>>> print(open('input-v2.cif').read())   # mmCIF, C-alpha atoms (C1' of nucleotides)
data_coords
#
loop_
_atom_site.group_PDB
_atom_site.id
_atom_site.type_symbol
_atom_site.label_atom_id
_atom_site.label_comp_id
_atom_site.auth_asym_id
_atom_site.auth_seq_id
_atom_site.Cartn_x
_atom_site.Cartn_y
_atom_site.Cartn_z
ATOM 1 C CA MET A 935 32.641 114.689 141.191
ATOM 2 C CA ASN A 936 34.673 113.778 138.195
ATOM 3 C CA THR A 937 38.256 114.480 139.134
ATOM 4 C CA LEU A 938 39.714 113.173 135.927
ATOM 5 C CA SER A 939 37.960 115.559 133.601
ATOM 6 C CA ALA A 940 39.187 118.349 135.825
ATOM 7 C CA LEU A 941 42.794 117.223 135.532
ATOM 8 C CA PHE A 942 42.795 116.140 131.924
ATOM 9 C CA ARG A 943 42.152 117.977 128.735
ATOM 10 C CA ILE A 944 41.604 115.439 125.983
ATOM 11 C CA SER A 945 40.740 116.666 122.530
ATOM 12 C CA PRO A 946 39.961 113.820 120.102
ATOM 13 C CA SER A 947 39.593 116.226 117.205
ATOM 14 C CA SER A 948 42.930 117.969 117.658
ATOM 15 C CA GLY A 949 44.814 115.573 115.440
ATOM 16 C CA VAL A 950 47.159 114.652 118.249
ATOM 17 C CA PRO A 951 46.769 110.969 119.126
ATOM 18 C CA ILE A 952 44.755 110.396 122.282
ATOM 19 C CA TYR A 953 47.315 108.067 123.825
ATOM 20 C CA ARG A 954 49.890 110.776 123.336
ATOM 21 C CA GLN A 955 47.754 113.400 125.011
ATOM 22 C CA ILE A 956 47.413 111.080 127.982
ATOM 23 C CA ILE A 957 51.143 110.467 128.159
ATOM 24 C CA ASP A 958 52.038 114.133 127.998
ATOM 25 C CA GLN A 959 49.533 115.174 130.595
ATOM 26 C CA VAL A 960 50.366 112.387 133.015
ATOM 27 C CA ARG A 961 53.996 113.443 132.716
ATOM 28 C CA SER A 962 53.033 117.009 133.539
ATOM 29 C CA LEU A 963 51.011 115.979 136.569
ATOM 30 C CA ILE A 964 53.822 113.824 137.886
ATOM 31 C CA ALA A 965 56.441 116.459 137.183
ATOM 32 C CA ALA A 966 54.404 118.983 139.128
ATOM 33 C CA GLY A 967 54.203 116.674 142.102
ATOM 34 C CA ARG A 968 50.431 116.453 141.939
ATOM 35 C CA TRP A 969 50.807 112.718 141.873
ATOM 36 C CA PRO A 970 53.547 112.053 144.408
ATOM 37 C CA GLU A 971 55.628 108.925 144.658
ATOM 38 C CA GLY A 972 53.477 105.911 145.363
ATOM 39 C CA THR A 973 50.275 107.390 143.978
ATOM 40 C CA MET A 974 48.175 104.982 141.958
ATOM 41 C CA LEU A 975 47.147 106.121 138.512
ATOM 42 C CA PRO A 976 43.454 105.960 137.636
ATOM 43 C CA SER A 977 42.582 102.510 136.361
ATOM 44 C CA VAL A 978 42.442 102.014 132.638
ATOM 45 C CA ARG A 979 38.755 101.255 132.867
ATOM 46 C CA GLN A 980 37.945 104.337 134.924
ATOM 47 C CA MET A 981 39.985 106.496 132.595
ATOM 48 C CA ALA A 982 38.285 105.016 129.562
ATOM 49 C CA VAL A 983 34.796 105.592 130.925
ATOM 50 C CA GLU A 984 35.302 109.133 132.159
ATOM 51 C CA LEU A 985 37.192 110.340 129.126
ATOM 52 C CA GLU A 986 34.925 108.355 126.811
ATOM 53 C CA ILE A 987 37.707 106.527 125.056
ATOM 54 C CA ASN A 988 38.810 102.954 124.599
ATOM 55 C CA MET A 989 40.371 100.934 127.395
ATOM 56 C CA MET A 990 43.232 99.746 125.234
ATOM 57 C CA THR A 991 44.104 103.291 124.268
ATOM 58 C CA VAL A 992 44.701 104.060 127.916
ATOM 59 C CA SER A 993 46.591 100.810 128.369
ATOM 60 C CA LYS A 994 48.953 101.671 125.545
ATOM 61 C CA ALA A 995 49.635 105.060 127.072
ATOM 62 C CA TYR A 996 50.357 103.423 130.426
ATOM 63 C CA ALA A 997 52.651 100.878 128.821
ATOM 64 C CA ARG A 998 54.680 103.652 127.316
ATOM 65 C CA LEU A 999 54.849 105.509 130.593
ATOM 66 C CA GLU A 1000 56.211 102.360 132.198
ATOM 67 C CA ALA A 1001 58.755 101.935 129.423
ATOM 68 C CA ASP A 1002 59.862 105.504 130.058
ATOM 69 C CA GLY A 1003 60.410 104.685 133.712
ATOM 70 C CA LEU A 1004 57.835 107.076 135.097
ATOM 71 C CA VAL A 1005 55.513 104.479 136.463
ATOM 72 C CA GLU A 1006 55.667 100.966 137.822
ATOM 73 C CA ARG A 1007 53.253 98.233 136.966
ATOM 74 C CA VAL A 1008 51.996 96.413 140.056
ATOM 75 C CA ARG A 1009 50.375 93.197 138.940
ATOM 76 C CA GLY A 1010 46.762 92.953 139.917
ATOM 77 C CA THR A 1011 46.759 96.382 141.488
ATOM 78 C CA GLY A 1012 47.541 99.129 139.028
ATOM 79 C CA MET A 1013 50.188 101.633 138.027
ATOM 80 C CA ARG A 1014 52.224 103.253 140.773
ATOM 81 C CA VAL A 1015 54.146 106.485 140.365
ATOM 82 C CA LEU A 1016 57.883 105.966 140.796
ATOM 83 C CA PRO A 1017 59.954 108.246 143.000
ATOM 84 C CA THR A 1018 62.886 109.477 140.981
ATOM 85 C CA ASN A 1019 60.841 111.184 138.320
ATOM 86 C CA VAL A 1020 59.467 114.110 140.226
ATOM 87 C CA VAL A 1021 60.802 117.368 138.920
ATOM 88 C CA GLY A 1022 60.791 119.597 141.942
ATOM 89 C CA ASN A 1023 62.595 122.427 140.245
ATOM 90 C CA ALA A 1024 60.302 125.125 138.954
ATOM 91 C CA ALA A 1025 62.788 126.037 136.254
ATOM 92 C CA GLN A 1026 62.624 122.538 134.841
ATOM 93 C CA ARG A 1027 58.854 122.600 134.810
ATOM 94 C CA LYS A 1028 58.979 125.909 133.020
ATOM 95 C CA SER A 1029 61.204 124.401 130.376
ATOM 96 C CA GLU A 1030 58.602 121.702 129.790
ATOM 97 C CA LEU A 1031 56.047 124.394 129.141
ATOM 98 C CA LYS A 1032 58.262 126.234 126.713
ATOM 99 C CA PRO A 1033 57.326 124.336 123.533
ATOM 100 C CA PHE A 1034 53.733 125.367 124.051
ATOM 101 C CA ALA A 1035 54.735 128.971 124.552
ATOM 102 C CA GLN A 1036 56.849 128.847 121.400
ATOM 103 C CA GLU A 1037 53.918 127.493 119.453
ATOM 104 C CA LEU A 1038 51.723 130.235 120.826
ATOM 105 C CA VAL A 1039 54.185 132.976 119.935
ATOM 106 C CA ALA A 1040 54.728 131.629 116.424
ATOM 107 C CA ARG A 1041 51.005 131.606 115.768
ATOM 108 C CA GLY A 1042 50.604 135.029 117.226
ATOM 109 C CA ARG A 1043 53.267 136.347 114.889
ATOM 110 C CA GLN A 1044 51.623 134.711 111.928
ATOM 111 C CA LEU A 1045 48.475 136.523 112.932
ATOM 112 C CA GLY A 1046 50.382 139.767 112.939
ATOM 113 C CA LEU A 1047 49.958 140.368 116.633
ATOM 114 C CA THR A 1048 52.363 142.333 118.776
ATOM 115 C CA SER A 1049 54.052 140.977 121.876
ATOM 116 C CA GLU A 1050 51.649 142.947 124.012
ATOM 117 C CA GLN A 1051 48.645 141.559 122.205
ATOM 118 C CA ILE A 1052 49.898 138.014 122.575
ATOM 119 C CA GLN A 1053 50.425 138.542 126.270
ATOM 120 C CA ALA A 1054 46.956 140.015 126.528
ATOM 121 C CA VAL A 1055 45.420 136.857 125.127
ATOM 122 C CA VAL A 1056 47.304 134.773 127.686
ATOM 123 C CA GLN A 1057 46.232 137.156 130.401
ATOM 124 C CA SER A 1058 42.568 136.810 129.501
ATOM 125 C CA CYS A 1059 42.837 133.027 129.589
ATOM 126 C CA LEU A 1060 44.395 133.158 133.023
ATOM 127 C CA LYS A 1061 41.555 135.291 134.319
ATOM 128 C CA GLU A 1062 38.886 133.050 132.852
ATOM 129 C CA GLU A 1063 39.995 129.958 134.699
ATOM 130 C CA MET B 781 66.642 132.804 100.856
ATOM 131 C CA ASN B 782 64.028 130.391 101.981
ATOM 132 C CA THR B 783 61.010 132.499 102.765
ATOM 133 C CA LEU B 784 58.741 129.548 103.393
ATOM 134 C CA SER B 785 60.637 128.073 106.261
ATOM 135 C CA ALA B 786 60.593 131.483 107.859
ATOM 136 C CA LEU B 787 56.827 131.748 107.589
ATOM 137 C CA PHE B 788 55.920 128.170 108.337
ATOM 138 C CA ARG B 789 56.479 125.983 111.312
ATOM 139 C CA ILE B 790 55.856 122.383 110.302
ATOM 140 C CA SER B 791 56.428 119.654 112.825
ATOM 141 C CA PRO B 792 56.002 116.171 111.345
ATOM 142 C CA SER B 793 56.488 114.530 114.727
ATOM 143 C CA SER B 794 53.874 116.537 116.573
ATOM 144 C CA GLY B 795 51.086 114.115 115.792
ATOM 145 C CA VAL B 796 49.083 116.814 114.073
ATOM 146 C CA PRO B 797 48.613 115.934 110.388
ATOM 147 C CA ILE B 798 50.911 117.889 108.108
ATOM 148 C CA TYR B 799 48.127 118.975 105.779
ATOM 149 C CA ARG B 800 46.322 120.347 108.782
ATOM 150 C CA GLN B 801 49.321 122.320 109.954
ATOM 151 C CA ILE B 802 49.541 123.871 106.508
ATOM 152 C CA ILE B 803 45.864 124.778 106.493
ATOM 153 C CA ASP B 804 45.955 126.392 109.927
ATOM 154 C CA GLN B 805 49.037 128.416 109.207
ATOM 155 C CA VAL B 806 47.917 129.601 105.801
ATOM 156 C CA ARG B 807 44.710 130.761 107.455
ATOM 157 C CA SER B 808 46.715 132.675 110.018
ATOM 158 C CA LEU B 809 48.849 134.340 107.397
ATOM 159 C CA ILE B 810 45.841 135.371 105.363
ATOM 160 C CA ALA B 811 43.932 136.539 108.412
ATOM 161 C CA ALA B 812 46.853 138.710 109.400
ATOM 162 C CA GLY B 813 46.932 140.322 105.994
ATOM 163 C CA ARG B 814 50.424 139.098 105.260
ATOM 164 C CA TRP B 815 49.093 137.583 102.076
ATOM 165 C CA PRO B 816 46.750 140.249 100.762
ATOM 166 C CA GLU B 817 43.974 139.721 98.253
ATOM 167 C CA GLY B 818 45.370 138.523 94.969
ATOM 168 C CA THR B 819 48.558 137.058 96.390
ATOM 169 C CA MET B 820 49.576 133.745 94.888
ATOM 170 C CA LEU B 821 50.265 130.924 97.311
ATOM 171 C CA PRO B 822 53.578 129.097 96.973
ATOM 172 C CA SER B 823 53.297 126.315 94.419
ATOM 173 C CA VAL B 824 52.672 122.820 95.670
ATOM 174 C CA ARG B 825 56.016 121.718 94.299
ATOM 175 C CA GLN B 826 57.947 124.554 95.913
ATOM 176 C CA MET B 827 56.184 123.968 99.192
ATOM 177 C CA ALA B 828 56.868 120.244 99.024
ATOM 178 C CA VAL B 829 60.554 120.711 98.344
ATOM 179 C CA GLU B 830 61.241 123.366 100.940
ATOM 180 C CA LEU B 831 59.229 121.747 103.701
ATOM 181 C CA GLU B 832 60.461 118.298 102.666
ATOM 182 C CA ILE B 833 57.047 116.774 102.344
ATOM 183 C CA ASN B 834 54.978 115.218 99.595
ATOM 184 C CA MET B 835 53.452 117.267 96.806
ATOM 185 C CA MET B 836 50.040 115.668 97.213
ATOM 186 C CA THR B 837 49.982 116.522 100.894
ATOM 187 C CA VAL B 838 50.251 120.176 99.979
ATOM 188 C CA SER B 839 47.684 119.755 97.236
ATOM 189 C CA LYS B 840 45.177 118.301 99.670
ATOM 190 C CA ALA B 841 45.691 121.198 102.034
ATOM 191 C CA TYR B 842 45.135 123.634 99.175
ATOM 192 C CA ALA B 843 42.015 121.802 98.068
ATOM 193 C CA ARG B 844 40.578 122.192 101.513
ATOM 194 C CA LEU B 845 41.448 125.863 101.630
ATOM 195 C CA GLU B 846 39.593 126.334 98.378
ATOM 196 C CA ALA B 847 36.606 124.424 99.705
ATOM 197 C CA ASP B 848 36.594 126.748 102.691
ATOM 198 C CA GLY B 849 36.485 129.740 100.373
ATOM 199 C CA LEU B 850 39.788 131.235 101.412
ATOM 200 C CA VAL B 851 41.536 130.714 98.138
ATOM 201 C CA GLU B 852 40.704 130.505 94.479
ATOM 202 C CA ARG B 853 42.149 127.980 92.085
ATOM 203 C CA VAL B 854 43.379 129.574 88.875
ATOM 204 C CA ARG B 855 43.902 126.826 86.339
ATOM 205 C CA GLY B 856 47.413 126.585 85.095
ATOM 206 C CA THR B 857 48.594 129.355 87.364
ATOM 207 C CA GLY B 858 48.145 128.593 91.036
ATOM 208 C CA MET B 859 46.125 129.484 94.085
ATOM 209 C CA ARG B 860 45.058 133.080 94.561
ATOM 210 C CA VAL B 861 44.014 134.594 97.868
ATOM 211 C CA LEU B 862 40.406 135.760 97.829
ATOM 212 C CA PRO B 863 39.411 139.185 99.125
ATOM 213 C CA THR B 864 36.578 138.718 101.597
ATOM 214 C CA ASN B 865 38.496 136.558 104.017
ATOM 215 C CA VAL B 866 40.902 139.041 105.453
ATOM 216 C CA VAL B 867 40.291 139.607 109.108
ATOM 217 C CA GLY B 868 41.336 143.182 109.652
ATOM 218 C CA ASN B 869 40.111 143.337 113.200
ATOM 219 C CA ALA B 870 42.781 142.713 115.792
ATOM 220 C CA ALA B 871 40.187 141.375 118.220
ATOM 221 C CA GLN B 872 39.220 138.674 115.776
ATOM 222 C CA ARG B 873 42.823 137.695 115.242
ATOM 223 C CA LYS B 874 43.244 137.498 118.977
ATOM 224 C CA SER B 875 40.308 135.163 119.215
ATOM 225 C CA GLU B 876 42.003 132.858 116.740
ATOM 226 C CA LEU B 877 45.005 132.723 118.992
ATOM 227 C CA LYS B 878 42.966 131.948 122.061
ATOM 228 C CA PRO B 879 42.858 128.144 121.701
ATOM 229 C CA PHE B 880 46.632 128.076 121.796
ATOM 230 C CA ALA B 881 46.702 130.242 124.879
ATOM 231 C CA GLN B 882 44.155 128.000 126.565
ATOM 232 C CA GLU B 883 46.262 124.976 125.806
ATOM 233 C CA LEU B 884 49.290 126.725 127.231
ATOM 234 C CA VAL B 885 47.529 127.714 130.421
ATOM 235 C CA ALA B 886 46.092 124.227 130.946
ATOM 236 C CA ARG B 887 49.536 122.687 130.609
ATOM 237 C CA GLY B 888 51.042 125.258 132.886
ATOM 238 C CA ARG B 889 48.485 124.445 135.540
ATOM 239 C CA GLN B 890 49.152 120.739 135.199
ATOM 240 C CA LEU B 891 52.788 121.554 135.792
ATOM 241 C CA GLY B 892 51.830 123.381 138.941
ATOM 242 C CA LEU B 893 52.967 126.754 137.706
ATOM 243 C CA THR B 894 51.521 130.042 138.844
ATOM 244 C CA SER B 895 50.050 132.631 136.523
ATOM 245 C CA GLU B 896 53.171 134.697 136.889
ATOM 246 C CA GLN B 897 55.397 131.763 136.001
ATOM 247 C CA ILE B 898 53.340 130.955 132.928
ATOM 248 C CA GLN B 899 53.571 134.539 131.790
ATOM 249 C CA ALA B 900 57.297 134.484 132.403
ATOM 250 C CA VAL B 901 57.712 131.565 130.025
ATOM 251 C CA VAL B 902 55.798 133.427 127.338
ATOM 252 C CA GLN B 903 57.857 136.483 128.018
ATOM 253 C CA SER B 904 61.116 134.616 127.522
ATOM 254 C CA CYS B 905 59.909 133.224 124.205
ATOM 255 C CA LEU B 906 58.998 136.685 123.011
ATOM 256 C CA LYS B 907 62.453 137.933 123.839
ATOM 257 C CA GLU B 908 64.193 135.074 122.113
ATOM 258 C CA GLU B 909 62.635 135.684 118.739
ATOM 259 C "C1'" DG C 826 53.504 125.294 68.693
ATOM 260 C "C1'" DC C 827 56.383 124.382 72.450
ATOM 261 C "C1'" DA C 828 58.554 124.388 76.934
ATOM 262 C "C1'" DG C 829 57.784 124.975 81.458
ATOM 263 C "C1'" DG C 830 55.060 126.364 84.965
ATOM 264 C "C1'" DT C 831 50.442 125.549 87.516
ATOM 265 C "C1'" DG C 832 47.043 122.024 90.361
ATOM 266 C "C1'" DT C 833 45.038 117.368 90.081
ATOM 267 C "C1'" DA C 834 43.887 112.322 89.501
ATOM 268 C "C1'" DT C 835 45.203 107.601 89.948
ATOM 269 C "C1'" DT C 836 47.067 103.519 91.925
ATOM 270 C "C1'" DA C 837 49.548 101.265 95.178
ATOM 271 C "C1'" DT C 838 51.935 100.771 99.529
ATOM 272 C "C1'" DA C 839 52.797 101.425 104.320
ATOM 273 C "C1'" DG C 840 52.111 103.082 108.848
ATOM 274 C "C1'" DT C 841 49.422 104.819 112.678
ATOM 275 C "C1'" DC C 842 45.355 105.278 115.439
ATOM 276 C "C1'" DG C 843 41.191 104.004 117.740
ATOM 277 C "C1'" DC C 844 37.526 100.860 118.739
ATOM 278 C "C1'" DA C 845 35.224 96.412 119.729
ATOM 279 C "C1'" DA C 846 34.937 91.966 121.801
ATOM 280 C "C1'" DT C 847 36.920 88.451 124.116
ATOM 281 C "C1'" DA C 848 39.916 86.145 126.973
ATOM 282 C "C1'" DC C 849 43.716 85.808 130.095
ATOM 283 C "C1'" DA C 850 46.927 86.407 134.318
ATOM 284 C "C1'" DC C 851 47.345 88.513 138.447
ATOM 285 C "C1'" DC C 852 46.196 90.431 143.146
ATOM 286 C "C1'" DA C 853 43.217 91.856 147.218
ATOM 287 C "C1'" DA C 854 39.416 91.350 150.108
ATOM 288 C "C1'" DT C 855 36.054 88.511 151.766
ATOM 289 C "C1'" DA D 903 37.777 79.554 146.938
ATOM 290 C "C1'" DT D 904 35.095 83.159 145.191
ATOM 291 C "C1'" DT D 905 34.359 87.868 143.748
ATOM 292 C "C1'" DG D 906 35.833 91.860 141.869
ATOM 293 C "C1'" DG D 907 39.299 94.750 140.957
ATOM 294 C "C1'" DT D 908 43.964 95.437 138.359
ATOM 295 C "C1'" DG D 909 46.694 95.557 133.404
ATOM 296 C "C1'" DT D 910 47.364 92.913 129.107
ATOM 297 C "C1'" DA D 911 47.084 90.119 124.716
ATOM 298 C "C1'" DT D 912 44.740 89.022 120.585
ATOM 299 C "C1'" DT D 913 42.175 89.558 116.432
ATOM 300 C "C1'" DG D 914 39.663 92.037 113.374
ATOM 301 C "C1'" DC D 915 38.134 96.148 111.521
ATOM 302 C "C1'" DG D 916 37.762 100.866 109.621
ATOM 303 C "C1'" DA D 917 39.525 105.292 109.009
ATOM 304 C "C1'" DC D 918 43.055 108.501 108.288
ATOM 305 C "C1'" DT D 919 47.788 110.064 106.830
ATOM 306 C "C1'" DA D 920 51.686 110.234 103.984
ATOM 307 C "C1'" DT D 921 54.525 108.751 100.337
ATOM 308 C "C1'" DA D 922 55.804 107.255 95.573
ATOM 309 C "C1'" DA D 923 55.522 107.224 90.626
ATOM 310 C "C1'" DT D 924 52.904 108.430 86.678
ATOM 311 C "C1'" DA D 925 50.025 110.780 83.928
ATOM 312 C "C1'" DC D 926 46.803 114.406 82.812
ATOM 313 C "C1'" DA D 927 44.591 119.152 81.913
ATOM 314 C "C1'" DC D 928 45.390 123.744 82.025
ATOM 315 C "C1'" DC D 929 47.733 128.390 81.476
ATOM 316 C "C1'" DT D 930 51.813 131.540 80.437
ATOM 317 C "C1'" DG D 931 55.611 133.205 77.795
ATOM 318 C "C1'" DC D 932 58.574 132.836 74.192
#
>>> encode(input="input-v2.cif", output="structure tokens")
Amino acid sequence: MNTLSALFRISPSSGVPIYRQIIDQVRSLIAAGRWPEGTMLPSVRQMAVELEINMMTVSKAYARLEADGLVERVRGTGMRVLPTNVVGNAAQRKSELKPFAQELVARGRQLGLTSEQIQAVVQSCLKEE
Amino acid sequence: MNTLSALFRISPSSGVPIYRQIIDQVRSLIAAGRWPEGTMLPSVRQMAVELEINMMTVSKAYARLEADGLVERVRGTGMRVLPTNVVGNAAQRKSELKPFAQELVARGRQLGLTSEQIQAVVQSCLKEE
DNA sequence: GCAGGTGTATTATAGTCGCAATACACCAAT
DNA sequence: ATTGGTGTATTGCGACTATAATACACCTGC
């Protein structure tokens, strides 16, 4: 099975740069503890094949993640998740989700929807998973 | 007062092209009936000044909106909202919001949050408006 | 007619993004 | 030492995005 496509949600047509989507989502996965300390990230080549993007695009995302101190580059082996970056606190993870909720609410308001209607849309998405 | 900044939510650093943000949000506002048939869109110059972006960026967004049949160009006057594009149905407006909800849920899951926690984040945003 | 308001076209510049193809440096397993 | 797996550097290319500075064509109101 293709585990990557289950974990990642890459949208080339969204306007958001692909390397940035990778960065954000890797950060989320690490923050949630799904990739614990010591875990090796998928190789750039594997990532590129499964997500149907360029190898260098993945590499650039990884380079940035290393610069941000989330991941360690192990020469000849791959990228290893560093320890100190796991956000165990649920409240902190919630705060990372907040920008997306704010975006959702703003759009809902523009569409003239009530709070209840906005929540209903979220609810339906949760059920459809 | 600055009505535009209250209606619009432009984020130049989001990665999403500015002209595209304008298009999406104008569509939302029209779909919600906040700009009824016959309403004149803000002028490109006003928009550019208040949102601190380039005039031509706004113009390109408007051109696309006209191509999509949402708006009519009145020479020497401005852009007028066309009638047949108003989405009166709440269900249809909800469906326009759905992609944002899906994005939110996917990110919440990546962060290891439960359905209840995701809803709580939305809830807090609704209260903070 | 004229001033001042529309949207638009043009040209040029700069930056970002993604892909392709190749080559390199490194490590692990054999 | 060889094979095959890491990530990376380089170069070139094309496309898209945004800005700037002008200039134009059009309509409205006085």
>>> interface_residues(input="input-v2.cif", of="chain C", to="chain A", cutoff="9 Å", atoms="only C-alpha atoms (C1' of nucleotides)", output="VMD selection string")
chain C and resid 842 to 845 850 to 853
>>> residues_around(input="input-v2.cif", residues="DT912 of chain D", least_positions_apart="4", cutoff="12 Å", atoms="all atoms listed in the file", output="ChimeraX atom specification")
/A:990 /C:846-849
>>> resolve_selection(input="input-v2.cif", expression="the PyMOL selection byres ((chain A and resi 1038) around 8)", output="PyMOL selection string")
(chain A and resi 1034-1037+1039-1042) or (chain B and resi 877+880-881+884)
>>> resolve_selection(input="input-v2.cif", expression="the PyMOL selection byres ((chain D) within 10 of (chain B))", output="NGL selection string")
:D and (918-922 or 927-930)
>>> residues_around(input="input-v2.cif", residues="Arg961 of chain A", least_positions_apart="4", cutoff="8 Å", atoms="all atoms listed in the file", output="PDB file with C-alpha atoms, keeping the file's coordinate frame")
ATOM      1  CA  ILE A 957      51.143 110.467 128.159  1.00  0.00           C
ATOM      2  CA  ALA A 965      56.441 116.459 137.183  1.00  0.00           C
ATOM      3  CA  LEU A1004      57.835 107.076 135.097  1.00  0.00           C
TER       4      LEU A1004
END
>>> interface_residues(input="input-v2.cif", of="chain A", to="chain B", cutoff="9 Å", atoms="only C-alpha atoms", output="ChimeraX atom specification")
/A:941-943,948-951,954,959-968,1024,1027-1032,1034-1047,1049,1051-1060,1063
>>> atom_distance(input="input-v2.cif", atom1="atom CA of Val992 of chain A", atom2="atom CA of Val978 of chain A")
5.6 Å
>>> residues_around(input="input-v2.cif", residues="DC932 of chain D", least_positions_apart="3", cutoff="12 Å", atoms="only C-alpha atoms (C1' of nucleotides)", output="compact mmCIF listing (two decimals) with C-alpha atoms (C1' of nucleotides), in the frame of the given file")
# COMPACT_ATOMS: atom_id res chain seq x y z
C1' DG C 826 53.50 125.29 68.69
C1' DC C 827 56.38 124.38 72.45
C1' DA C 828 58.55 124.39 76.93
C1' DG C 829 57.78 124.98 81.46
>>> atom_distance(input="input-v2.cif", atom1="atom CA of Leu985 of chain A", atom2="atom CA of Ala1001 of chain A")
23.1 Å
>>> build_atoms(input="input-v2.cif", residues="segment 849-867 of chain B", atoms="N, CA and C atoms", output="PDB file, in the frame of the given file")
ATOM      1  N   GLY B 849      36.714 128.416 100.926  1.00  0.00           N
ATOM      2  CA  GLY B 849      36.485 129.740 100.373  1.00  0.00           C
ATOM      3  C   GLY B 849      37.558 130.763 100.677  1.00  0.00           C
ATOM      4  N   LEU B 850      38.710 130.303 101.100  1.00  0.00           N
ATOM      5  CA  LEU B 850      39.788 131.235 101.412  1.00  0.00           C
ATOM      6  C   LEU B 850      40.616 131.566 100.197  1.00  0.00           C
ATOM      7  N   VAL B 851      40.593 130.647  99.233  1.00  0.00           N
ATOM      8  CA  VAL B 851      41.536 130.714  98.138  1.00  0.00           C
ATOM      9  C   VAL B 851      40.848 130.273  96.846  1.00  0.00           C
ATOM     10  N   GLU B 852      41.327 130.817  95.759  1.00  0.00           N
ATOM     11  CA  GLU B 852      40.704 130.505  94.479  1.00  0.00           C
ATOM     12  C   GLU B 852      41.716 129.782  93.597  1.00  0.00           C
ATOM     13  N   ARG B 853      41.254 128.716  92.959  1.00  0.00           N
ATOM     14  CA  ARG B 853      42.149 127.980  92.085  1.00  0.00           C
ATOM     15  C   ARG B 853      42.121 128.568  90.681  1.00  0.00           C
ATOM     16  N   VAL B 854      43.266 129.027  90.217  1.00  0.00           N
ATOM     17  CA  VAL B 854      43.379 129.574  88.875  1.00  0.00           C
ATOM     18  C   VAL B 854      44.093 128.534  88.017  1.00  0.00           C
ATOM     19  N   ARG B 855      43.374 127.938  87.116  1.00  0.00           N
ATOM     20  CA  ARG B 855      43.902 126.826  86.339  1.00  0.00           C
ATOM     21  C   ARG B 855      45.173 127.210  85.597  1.00  0.00           C
ATOM     22  N   GLY B 856      46.153 126.367  85.778  1.00  0.00           N
ATOM     23  CA  GLY B 856      47.413 126.585  85.095  1.00  0.00           C
ATOM     24  C   GLY B 856      48.296 127.648  85.709  1.00  0.00           C
ATOM     25  N   THR B 857      47.808 128.276  86.762  1.00  0.00           N
ATOM     26  CA  THR B 857      48.594 129.355  87.364  1.00  0.00           C
ATOM     27  C   THR B 857      48.926 129.095  88.830  1.00  0.00           C
ATOM     28  N   GLY B 858      47.893 128.831  89.616  1.00  0.00           N
ATOM     29  CA  GLY B 858      48.145 128.593  91.036  1.00  0.00           C
ATOM     30  C   GLY B 858      46.939 128.931  91.887  1.00  0.00           C
ATOM     31  N   MET B 859      47.206 129.172  93.152  1.00  0.00           N
ATOM     32  CA  MET B 859      46.125 129.484  94.085  1.00  0.00           C
ATOM     33  C   MET B 859      46.208 130.954  94.462  1.00  0.00           C
ATOM     34  N   ARG B 860      45.093 131.650  94.280  1.00  0.00           N
ATOM     35  CA  ARG B 860      45.058 133.080  94.561  1.00  0.00           C
ATOM     36  C   ARG B 860      44.220 133.352  95.804  1.00  0.00           C
ATOM     37  N   VAL B 861      44.723 134.230  96.641  1.00  0.00           N
ATOM     38  CA  VAL B 861      44.014 134.594  97.868  1.00  0.00           C
ATOM     39  C   VAL B 861      42.787 135.431  97.527  1.00  0.00           C
ATOM     40  N   LEU B 862      41.652 135.046  98.062  1.00  0.00           N
ATOM     41  CA  LEU B 862      40.406 135.760  97.829  1.00  0.00           C
ATOM     42  C   LEU B 862      40.282 136.956  98.766  1.00  0.00           C
ATOM     43  N   PRO B 863      39.463 137.935  98.377  1.00  0.00           N
ATOM     44  CA  PRO B 863      39.411 139.185  99.125  1.00  0.00           C
ATOM     45  C   PRO B 863      38.662 139.130 100.452  1.00  0.00           C
ATOM     46  N   THR B 864      37.496 138.526 100.462  1.00  0.00           N
ATOM     47  CA  THR B 864      36.578 138.718 101.597  1.00  0.00           C
ATOM     48  C   THR B 864      36.999 138.016 102.879  1.00  0.00           C
ATOM     49  N   ASN B 865      38.145 137.369 102.859  1.00  0.00           N
ATOM     50  CA  ASN B 865      38.496 136.558 104.017  1.00  0.00           C
ATOM     51  C   ASN B 865      39.518 137.202 104.946  1.00  0.00           C
ATOM     52  N   VAL B 866      39.922 138.384 104.598  1.00  0.00           N
ATOM     53  CA  VAL B 866      40.902 139.041 105.453  1.00  0.00           C
ATOM     54  C   VAL B 866      40.229 139.526 106.726  1.00  0.00           C
ATOM     55  N   VAL B 867      40.824 139.178 107.826  1.00  0.00           N
ATOM     56  CA  VAL B 867      40.291 139.607 109.108  1.00  0.00           C
ATOM     57  C   VAL B 867      41.111 140.797 109.579  1.00  0.00           C
TER      58      VAL B 867
END
